[in-house]
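Let me begin by presenting the structure, written as structure tokens, before commenting on it.
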Amino acid sequence: MLTRIAVACAVAALACGAFATELFAQAGQVAPPVPLRVPSINSVTSQCQINCDMQAMNCQNACAIPIVNPLSPAGVTAPCNLSCTTSQLTCKQRC
């Protein structure tokens, strides 16, 4: 009876040792990184947005008061610039 218990303990010890070795062997493994997708560039959308930016810059350039009149108030171009920026954002939303 004593030999059966000793054999059972030896078998259990060997099984635990083998299981622990497998766990430690896998502990150093690292999962491969998830591949990142490269964002696609839609040339039609990009060209549309560039056109919106160019229109806005032309609009803002037209808002500038000539330097000939230095007596003009400081905030005179603000509504014009705001209108240009609003048009730019509206244009880009259509792209």
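In the structure tokens, chains take letters A, B, ... by order of appearance, with residues numbered from 1 within each chain and ligands from 1 in the order shown.
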Excluding Asn58 (chain A) and any residue of its chain fewer than 3 positions from it, enumerate the residues within 12 Å of it, using only C-alpha atoms, and give them as a PDB file with N, CA and C atoms, in the first residue's frame.
ATOM      1  N   ASN A  51      -8.603  72.655 -53.772  1.00  0.00           N
ATOM      2  CA  ASN A  51      -9.341  73.715 -54.466  1.00  0.00           C
ATOM      3  C   ASN A  51     -10.088  74.610 -53.476  1.00  0.00           C
ATOM      4  N   CYS A  52     -10.664  74.004 -52.439  1.00  0.00           N
ATOM      5  CA  CYS A  52     -11.358  74.796 -51.409  1.00  0.00           C
ATOM      6  C   CYS A  52     -10.382  75.724 -50.701  1.00  0.00           C
ATOM      7  N   ASP A  53      -9.198  75.211 -50.396  1.00  0.00           N
ATOM      8  CA  ASP A  53      -8.186  76.035 -49.719  1.00  0.00           C
ATOM      9  C   ASP A  53      -7.734  77.190 -50.610  1.00  0.00           C
ATOM     10  N   MET A  54      -7.567  76.921 -51.893  1.00  0.00           N
ATOM     11  CA  MET A  54      -7.134  77.977 -52.809  1.00  0.00           C
ATOM     12  C   MET A  54      -8.201  79.066 -52.942  1.00  0.00           C
ATOM     13  N   GLN A  55      -9.458  78.656 -53.025  1.00  0.00           N
ATOM     14  CA  GLN A  55     -10.540  79.632 -53.107  1.00  0.00           C
ATOM     15  C   GLN A  55     -10.584  80.496 -51.850  1.00  0.00           C
ATOM     16  N   ASN A  61      -7.318  87.119 -49.539  1.00  0.00           N
ATOM     17  CA  ASN A  61      -6.459  88.142 -50.151  1.00  0.00           C
ATOM     18  C   ASN A  61      -7.288  89.325 -50.645  1.00  0.00           C
ATOM     19  N   ALA A  62      -8.503  89.043 -51.128  1.00  0.00           N
ATOM     20  CA  ALA A  62      -9.376  90.115 -51.600  1.00  0.00           C
ATOM     21  C   ALA A  62      -9.912  90.943 -50.426  1.00  0.00           C
ATOM     22  N   CYS A  63      -9.920  90.353 -49.224  1.00  0.00           N
ATOM     23  CA  CYS A  63     -10.410  91.079 -48.043  1.00  0.00           C
ATOM     24  C   CYS A  63      -9.413  92.128 -47.566  1.00  0.00           C
ATOM     25  N   ALA A  64      -8.164  91.962 -47.882  1.00  0.00           N
ATOM     26  CA  ALA A  64      -7.133  92.880 -47.370  1.00  0.00           C
ATOM     27  C   ALA A  64      -7.374  94.292 -47.894  1.00  0.00           C
ATOM     28  N   CYS A  80     -15.218  89.836 -43.433  1.00  0.00           N
ATOM     29  CA  CYS A  80     -14.844  89.280 -44.733  1.00  0.00           C
ATOM     30  C   CYS A  80     -14.059  87.981 -44.550  1.00  0.00           C
ATOM     31  N   ASN A  81     -13.096  87.982 -43.627  1.00  0.00           N
ATOM     32  CA  ASN A  81     -12.303  86.774 -43.373  1.00  0.00           C
ATOM     33  C   ASN A  81     -13.166  85.648 -42.834  1.00  0.00           C
ATOM     34  N   CYS A  84     -14.992  84.117 -45.666  1.00  0.00           N
ATOM     35  CA  CYS A  84     -14.100  83.257 -46.467  1.00  0.00           C
ATOM     36  C   CYS A  84     -13.898  81.902 -45.794  1.00  0.00           C
ATOM     37  N   THR A  85     -13.692  81.919 -44.476  1.00  0.00           N
ATOM     38  CA  THR A  85     -13.467  80.679 -43.728  1.00  0.00           C
ATOM     39  C   THR A  85     -14.719  79.816 -43.727  1.00  0.00           C
ATOM     40  N   SER A  87     -17.024  79.784 -46.043  1.00  0.00           N
ATOM     41  CA  SER A  87     -17.142  79.211 -47.390  1.00  0.00           C
ATOM     42  C   SER A  87     -16.172  78.048 -47.576  1.00  0.00           C
ATOM     43  N   GLN A  88     -14.989  78.169 -47.002  1.00  0.00           N
ATOM     44  CA  GLN A  88     -13.997  77.101 -47.105  1.00  0.00           C
ATOM     45  C   GLN A  88     -14.495  75.826 -46.420  1.00  0.00           C
TER      46      GLN A  88
END
- Query: Which value, in Å to one decimal, gives the distance between CA of Ala78 (chain A) and CA of Met57 (chain A)?
  - Reply: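 Atom-to-atom, CA of Ala78 (chain A) to CA of Met57 (chain A), that is 14.3 Å.
For Thr45 (chain A), the non-local neighbours within 12 Å, defined as residues at least 2 positions apart in the same chain or in other chains and counting only C-alpha atoms, are A:Ser40, A:Ile41, A:Asn42, A:Ser43, A:Gln47, A:Cys48, A:Gln49, A:Ile50, A:Asn51, A:Cys52, A:Cys91, A:Lys92, A:Gln93, A:Arg94, A:Cys95.
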- Message: Report, in Å with one decimal, the straight-line distance from CA of Val76 (chain A) to CA of Thr90 (chain A).
- Response: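 Atom-to-atom, CA of Val76 (chain A) to CA of Thr90 (chain A), that is 23.1 Å.
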- So what do you get for CA of Val34 (chain A) versus CA of Ser46 (chain A), distance-wise?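 CA of Ser46 (chain A) lies at a distance of 28.4 Å from CA of Val34 (chain A).
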- Task: Would you return as a PyMOL selection string the members of region 29-88 of chain A that DSSP assigns to alpha helix (DSSP H) on this structure's backbone?
- Result: chain A and resi 43-63+78-88
Next, dump the selected residues to file, keeping only C-alpha atoms, as a short mmCIF file (atom, residue, chain, number, x, y, z; two decimals), in the first residue's frame.
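After the write, part_36.cif holds the following:
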data_model
loop_
_atom_site.label_atom_id
_atom_site.label_comp_id
_atom_site.auth_asym_id
_atom_site.auth_seq_id
_atom_site.Cartn_x
_atom_site.Cartn_y
_atom_site.Cartn_z
CA SER A 43 -6.85 61.86 -55.01
CA VAL A 44 -10.29 63.20 -55.95
CA THR A 45 -11.04 64.22 -52.36
CA SER A 46 -7.55 65.66 -51.90
CA GLN A 47 -7.85 67.76 -55.06
CA CYS A 48 -11.28 68.99 -53.99
CA GLN A 49 -9.93 70.08 -50.60
CA ILE A 50 -6.95 71.81 -52.20
CA ASN A 51 -9.34 73.71 -54.47
CA CYS A 52 -11.36 74.80 -51.41
CA ASP A 53 -8.19 76.04 -49.72
CA MET A 54 -7.13 77.98 -52.81
CA GLN A 55 -10.54 79.63 -53.11
CA ALA A 56 -10.39 80.61 -49.43
CA MET A 57 -6.92 82.12 -49.80
CA ASN A 58 -8.02 84.13 -52.85
CA CYS A 59 -11.05 85.30 -50.90
CA GLN A 60 -8.93 86.36 -47.89
CA ASN A 61 -6.46 88.14 -50.15
CA ALA A 62 -9.38 90.12 -51.60
CA CYS A 63 -10.41 91.08 -48.04
CA ALA A 78 -12.91 90.42 -39.78
CA PRO A 79 -16.39 89.82 -41.32
CA CYS A 80 -14.84 89.28 -44.73
CA ASN A 81 -12.30 86.77 -43.37
CA LEU A 82 -15.04 84.98 -41.44
CA SER A 83 -17.11 84.70 -44.60
CA CYS A 84 -14.10 83.26 -46.47
CA THR A 85 -13.47 80.68 -43.73
CA THR A 86 -17.14 79.70 -43.62
CA SER A 87 -17.14 79.21 -47.39
CA GLN A 88 -14.00 77.10 -47.10
#
